[in-house]
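Working notes, structure below.
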Amino acid sequence: VSWYYLFYPRPAFVIGSGEPPEANFMAASWVTPVSTEPPTLGVAVDKESCTHKLIEKYGKFTASVVENVDLLWYVGSRSCEEENKLEKVKWFKGKTGAPIPEEAVGWAEAEVLSKVELGDVVFYIGKVVEWKARRGFGKWGWDLKEVKVPLQKAGRLFLLPPCKEVWARKA
Ligand SMILES: Cc1cc2nc3c(=O)[nH]c(=O)nc-3n(C[C@H](O)[C@H](O)[C@H](O)COP(=O)(O)O)c2cc1C
């Protein structure tokens with residue numbers, strides 16, 4: 001087991017890149033908001049992936065919340081070199097032109113502002129230019145009774161809400 005599993009479970013997302021017909025989906029759990037002003041989102045992308053090529057070429061990506069762990073595993077275990085994943089997943093074009101899965105319950109669209117190259121990975125930081133939650137999203141974020149935001153535990157194993165909600169005592 002690797003050191004980075006200390007930082008799991010982590011929410012996993014579908015990353016859309018490129019512009020149809022040259023577009024792709026992959027799964028990513030190494031995703032984090034970076035700054036509130038400007039609003040930025042970071043994602044660590046393997047240099048060997050098709051997603052890396054497409055983000056380099058088009059300079060944008062989408063990150064979507066889907067409830068379907070089979071979809072996450074599918075886009076996260078197949079390469080665009082084996083098959084066109086956009087033929088197997090229903091999608092629509094976001095405002096930036098990058099693809100978003102039809103079944104997404106929420107998503108952000110980002111334009112790359114900065115990147116950090118580190119070994120086998122590029123960490124892209126994109127400015128969030130558009131975002132939306134379709135349902136079950138309020139003052140306290142996702143209502144996990146309504147939206148099953150999947151957390152990746154390790155590999156193909158995921159955790160699904162409902163989880164136990166606990167309020168911290170006021171300090
Ligand atoms: C739940 C899950 C999370 C993943 N997280 C990442 C990640 O954060 N960064 C990454 O580069 N690959 C991640 N992967 C692996 C890629 O999704 C996988 O290599 C994919 O096949 C790349 O597709 P592509 O070559 O078509 O772009 C993850 C896979 C899964 C299933």
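Residue numbers start at 1 in each chain; chains themselves are named A, B, ... in the order of the structure tokens; ligands are numbered from 1 in the order shown.
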
Using DSSP assignments from the backbone, pull out every residue in range 2-149 of chain A that falls under strand (DSSP E) and give it to me as a PyMOL selection string.
chain A and resi 10-11+13-19+22-28+31-35+40-46+60-65+91-93+99-101+106-118+121-133+137-138+141-142

What do you get as a ChimeraX atom specification if you pick all residues at most 8 Å from ligand 1, counting only C-alpha atoms and all ligand atoms?
/A:12-13,24-31,43-52,72-81,85,121,152,154-156

Between A:Asn84, A:Thr32, A:Ser2, A:Thr62, which is the closest to Pro101 in chain A once you count only C-alpha atoms?
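Using only C-alpha atoms, the shortest distance to Pro101 in chain A belongs to A:Thr62.
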
Write out as JSON, numbers by chain all residues of chain A that backbone DSSP assigns to helix (DSSP H, G or I).
{"A": [3, 4, 5, 6, 7, 50, 51, 52, 53, 54, 55, 56, 57, 58, 69, 70, 71, 72, 73, 74, 75, 76, 77, 85, 86, 87]}

Neighbouring residues of Ala23 in chain A were defined as those with any atom within 9 Å, considering only C-alpha atoms; residues of the same chain fewer than 3 positions away were excluded. Please report them as a PyMOL selection string.
chain A and resi 16-20+51+54+84-86+98-99

Might you pull out every residue within 10 Å of Arg135 in chain A, with only C-alpha atoms counted and same-chain residues fewer than 6 positions away left off, and present them as a list in words?
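The filter keeps Val105, Gly106, Trp142, Asp143, Glu146 and Val147 of chain A.
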